[in-house]
There are 2 protein chains.
Amino acid sequence: MTSPTTGRASRTTRRSPVAPADAGRLAPAGVAKQPGTARIAVDLLGGDDAPAVVVDGALRAVRVDPDLHLLLVGPPEAAGALIDALDPAERVRITVRPVHNAVGMAEDLTAARADTTIRAAVAAVRSGQADALISAGSTGATVTAAALGFGRWPEVRRPALVAALPAVAGPVLLLDVGGSLEPSAATLARHAVLGAAYAAIAHGLAAPRVGLLSVGTEPGKGDRARRLTDPVLSTAELPGGARYVGLVEGYDVCRGTRADVVVTDGFTGNVLLKAVESAYALAGGPPPGGAAPRAATLLGVAGTVVVCHGAASADDIASGIALAAQLWRQNAVARVAAVLARERHVRTTDTEVRTS
Amino acid sequence: MTSPTTGRASRTTRRSPVAPADAGRLAPAGVAKQPGTARIAVDLLGGDDAPAVVVDGALRAVRVDPDLHLLLVGPPEAAGALIDALDPAERVRITVRPVHNAVGMAEDLTAARADTTIRAAVAAVRSGQADALISAGSTGATVTAAALGFGRWPEVRRPALVAALPAVAGPVLLLDVGGSLEPSAATLARHAVLGAAYAAIAHGLAAPRVGLLSVGTEPGKGDRARRLTDPVLSTAELPGGARYVGLVEGYDVCRGTRADVVVTDGFTGNVLLKAVESAYALAGGPPPGGAAPRAATLLGVAGTVVVCHGAASADDIASGIALAAQLWRQNAVARVAAVLARERHVRTTDTEVRTS
């Protein structure tokens, strides 16, 4: 369980939220892509066109990243197809965990508790057999399985999925894109904190600008949840040197000129992400310099989880696997947890000072 | 108040909801663009860059449509700039209603009751001085002023704004894009009916396909409001020969392959519309054949109202004025009201049959 390349102790068994005392040790100085082996559990049965598309995507990911190891979770015959397609020397990088049951896209989320590929993938990360996992299966089932298996961070009732959208001046981080679907001020405010920390750590932004998505930029614009959240964020302290820039509009999700992080509920974020992706696909591609993986990072659970669309292509799966490997190499998820724990510690101390 | 070109009696004073008996007379056989004078009231003070951009847009609209007459509602000096820019022979097509107060974008909606340009524009249509109105001002104020001035249709508690998005196989109609912001199953189901009737009448679609926007296509996907609405629409009768195709995703808003009408709440629709528009702008334009006016039609009040974005350009204003003129020439809004009244009549009769 030690990475031979980085010499760091494996973090796979560190499932409980990171305590403040761990923060310094878990936070390397840089945020650039790091070398080192990354072992990614791949849910072979997740997605509309699984397992064929997932196998194809996994193959592409393995071929471009020599330090990538995959734990294929699913039917052995599908895994065998991938292994057969590799050079014999590369096959050592593939292991298989045979599971035959998938979570159907329309099934009840309690299916995430049964003996399914997504649950087995979570168990593999939890037990240290893999460093991170990726699934293109039912988002609800993945989020539930991850929350049950890894545990949620303190003060995070609703995990968030954060996606990077291509924009002219670098990607815009949009969250939530489907982790939780009902808008609430508490969730929106919490997700603003998660997004700020993630932007600083995973994207190396020095002072991320955080905006709250609404129907206009003037204070008071929006539905009830937005009108409640805007004043809360206006006085909130955000981690990573982030600052709240106020309400932003749909334009700002693509332009990226007003905010680096755009916060919205998971329902709106999900339909928005898919609409913008298809608009770019129809118009011949995103703006130059704006490439971003078509996959989302789950924030709020004590494990590294990447989710792809159900309609993911092989390239999307490959980009999702690459994202999972990058997050692991950056130690991004544990570092975000550490920042939140530290902020929580600071807030507690402040309270103690004020009340003493 | 008689249109000299079409010989039809003016409909401007027909403010109350159209009774079933009027339906036949109000529904011409064709839906193609009709000739005839259209008199559009233009809110000179609505929009972020008003009045300059509105004046510029109005000028462009006048120059391309010789049968267009404008009633400029706003400061006389702004109206004078437009008149001065026209050939003397064309100036007869412009009239001015001097008003100096605008509704601020952040003001309370009760401002729609005060002596503002939007209220004066509504009054002008109501009194028969204009056939339709356009504003790029606060959407909330425009919807409120229109509901107060024209009255709402029966069984429409929340008016909807419907926008046409460019798509490969012809525009996709998206509603609501900002008429009402809180999602509810009753409003979503009612808006599906409005959208179906509008697609049949204003866009001449023979059997419009109506989809409900959600985070996946399988039944049960979505937030609470969507999960309640989907089964209701599955058994609902829709006007205009429309059929409900079930849940659709963000992709379908741009592709247009699964639905002609996409129903969502006004919050989601508003941010979605702006995000897709800016994605196309960044990527070099919408797909071929997909041009659509950057303006929305208000459905649910007894008057023809077109709303532009606050950030509308002069071309956007011009396309909004052209849309208002087209809707008036098609008699579209009154015909949608007539279809709904007829459906209501049918439903009432059915009930009587069942209970007798």
# chains A, B, ... in the order shown; residues from 1 in each chain; ligands from 1
>>> interface_residues(of="chain B", to="chain A", cutoff="9 Å", atoms="only C-alpha atoms", output="PyMOL selection string")
chain B and resi 105-108+167-168+178+180-182+213-224+249-255+266-280+282-288+310
>>> residues_around(residues="stretch 122-132 of chain A", least_positions_apart="6", cutoff="10 Å", atoms="only C-alpha atoms", output="count of residues only")
38
>>> atom_distance(atom1="atom CA of B:Arg294", atom2="atom CA of B:Val54")
13.9 Å
>>> atom_distance(atom1="atom CA of B:Leu45", atom2="atom CA of B:Ile118")
8.4 Å
>>> select_by_dssp(residues="stretch 46-185 of chain B", states="strand (DSSP E or B)", output="PyMOL selection string")
chain B and resi 68-74+94-98+132-135+152+160-165+172-175
>>> write_last_selection(atoms="N, CA and C atoms", output="short mmCIF file (atom, residue, chain, number, x, y, z; two decimals), in the first residue's frame")
data_model
loop_
_atom_site.label_atom_id
_atom_site.label_comp_id
_atom_site.auth_asym_id
_atom_site.auth_seq_id
_atom_site.Cartn_x
_atom_site.Cartn_y
_atom_site.Cartn_z
N LEU B 68 -44.28 47.80 -40.47
CA LEU B 68 -44.14 47.89 -39.03
C LEU B 68 -44.32 49.33 -38.56
N HIS B 69 -45.18 49.50 -37.57
CA HIS B 69 -45.33 50.80 -36.91
C HIS B 69 -44.88 50.64 -35.47
N LEU B 70 -44.22 51.66 -34.95
CA LEU B 70 -43.75 51.57 -33.56
C LEU B 70 -44.36 52.68 -32.71
N LEU B 71 -44.75 52.31 -31.50
CA LEU B 71 -45.13 53.26 -30.48
C LEU B 71 -44.00 53.25 -29.46
N LEU B 72 -43.20 54.32 -29.48
CA LEU B 72 -42.05 54.37 -28.59
C LEU B 72 -42.49 54.90 -27.23
N VAL B 73 -42.29 54.11 -26.20
CA VAL B 73 -42.73 54.48 -24.86
C VAL B 73 -41.49 54.81 -24.03
N GLY B 74 -41.29 56.10 -23.78
CA GLY B 74 -40.10 56.49 -23.04
C GLY B 74 -39.82 57.97 -23.20
N ILE B 94 -43.89 56.16 -36.85
CA ILE B 94 -43.44 56.24 -35.45
C ILE B 94 -44.34 57.18 -34.66
N THR B 95 -44.81 56.72 -33.54
CA THR B 95 -45.48 57.61 -32.60
C THR B 95 -44.77 57.48 -31.24
N VAL B 96 -45.00 58.46 -30.38
CA VAL B 96 -44.27 58.51 -29.12
C VAL B 96 -45.24 58.67 -27.97
N ARG B 97 -45.02 57.91 -26.94
CA ARG B 97 -45.75 58.09 -25.68
C ARG B 97 -44.73 58.48 -24.61
N PRO B 98 -44.68 59.78 -24.24
CA PRO B 98 -43.63 60.23 -23.31
C PRO B 98 -43.82 59.67 -21.90
N ALA B 132 -49.08 44.93 -29.82
CA ALA B 132 -48.23 44.06 -29.01
C ALA B 132 -47.16 44.93 -28.40
N LEU B 133 -46.43 44.38 -27.43
CA LEU B 133 -45.37 45.17 -26.81
C LEU B 133 -44.12 44.33 -26.64
N ILE B 134 -43.01 45.05 -26.56
CA ILE B 134 -41.72 44.40 -26.30
C ILE B 134 -40.97 45.18 -25.24
N SER B 135 -40.27 44.45 -24.35
CA SER B 135 -39.44 45.08 -23.33
C SER B 135 -38.21 44.23 -23.05
N ARG B 152 -54.98 37.30 -16.65
CA ARG B 152 -54.44 35.98 -16.99
C ARG B 152 -55.53 35.10 -17.59
N ALA B 160 -45.99 31.85 -18.58
CA ALA B 160 -44.71 31.26 -18.98
C ALA B 160 -44.07 32.07 -20.09
N LEU B 161 -42.76 32.13 -20.08
CA LEU B 161 -42.03 32.70 -21.21
C LEU B 161 -41.49 31.55 -22.04
N VAL B 162 -41.79 31.57 -23.33
CA VAL B 162 -41.32 30.50 -24.21
C VAL B 162 -40.31 31.08 -25.20
N ALA B 163 -39.17 30.43 -25.29
CA ALA B 163 -38.10 30.86 -26.20
C ALA B 163 -37.84 29.76 -27.22
N ALA B 164 -37.43 30.17 -28.40
CA ALA B 164 -37.06 29.21 -29.43
C ALA B 164 -35.54 29.11 -29.47
N LEU B 165 -35.02 27.91 -29.23
CA LEU B 165 -33.58 27.71 -29.31
C LEU B 165 -33.21 27.10 -30.65
N VAL B 172 -36.11 24.37 -31.14
CA VAL B 172 -36.75 23.71 -29.99
C VAL B 172 -37.36 24.80 -29.13
N LEU B 173 -38.61 24.62 -28.73
CA LEU B 173 -39.28 25.60 -27.88
C LEU B 173 -39.04 25.23 -26.42
N LEU B 174 -38.46 26.17 -25.69
CA LEU B 174 -38.15 25.94 -24.28
C LEU B 174 -39.03 26.86 -23.43
N LEU B 175 -39.74 26.27 -22.47
CA LEU B 175 -40.50 27.08 -21.53
C LEU B 175 -40.54 26.37 -20.19
#
>>> closest_residue(among="A:Ala207, A:Leu233, A:Ala202, A:Leu340", to="A:Ala186", atoms="only C-alpha atoms")
A:Leu233
>>> select_by_dssp(residues="stretch 100-338 of chain B", states="helix (DSSP H, G or I)", output="ChimeraX atom specification")
/B:109-113,117-126,139-150,185-202,224-234,250-255,266-283,314-330,332-338
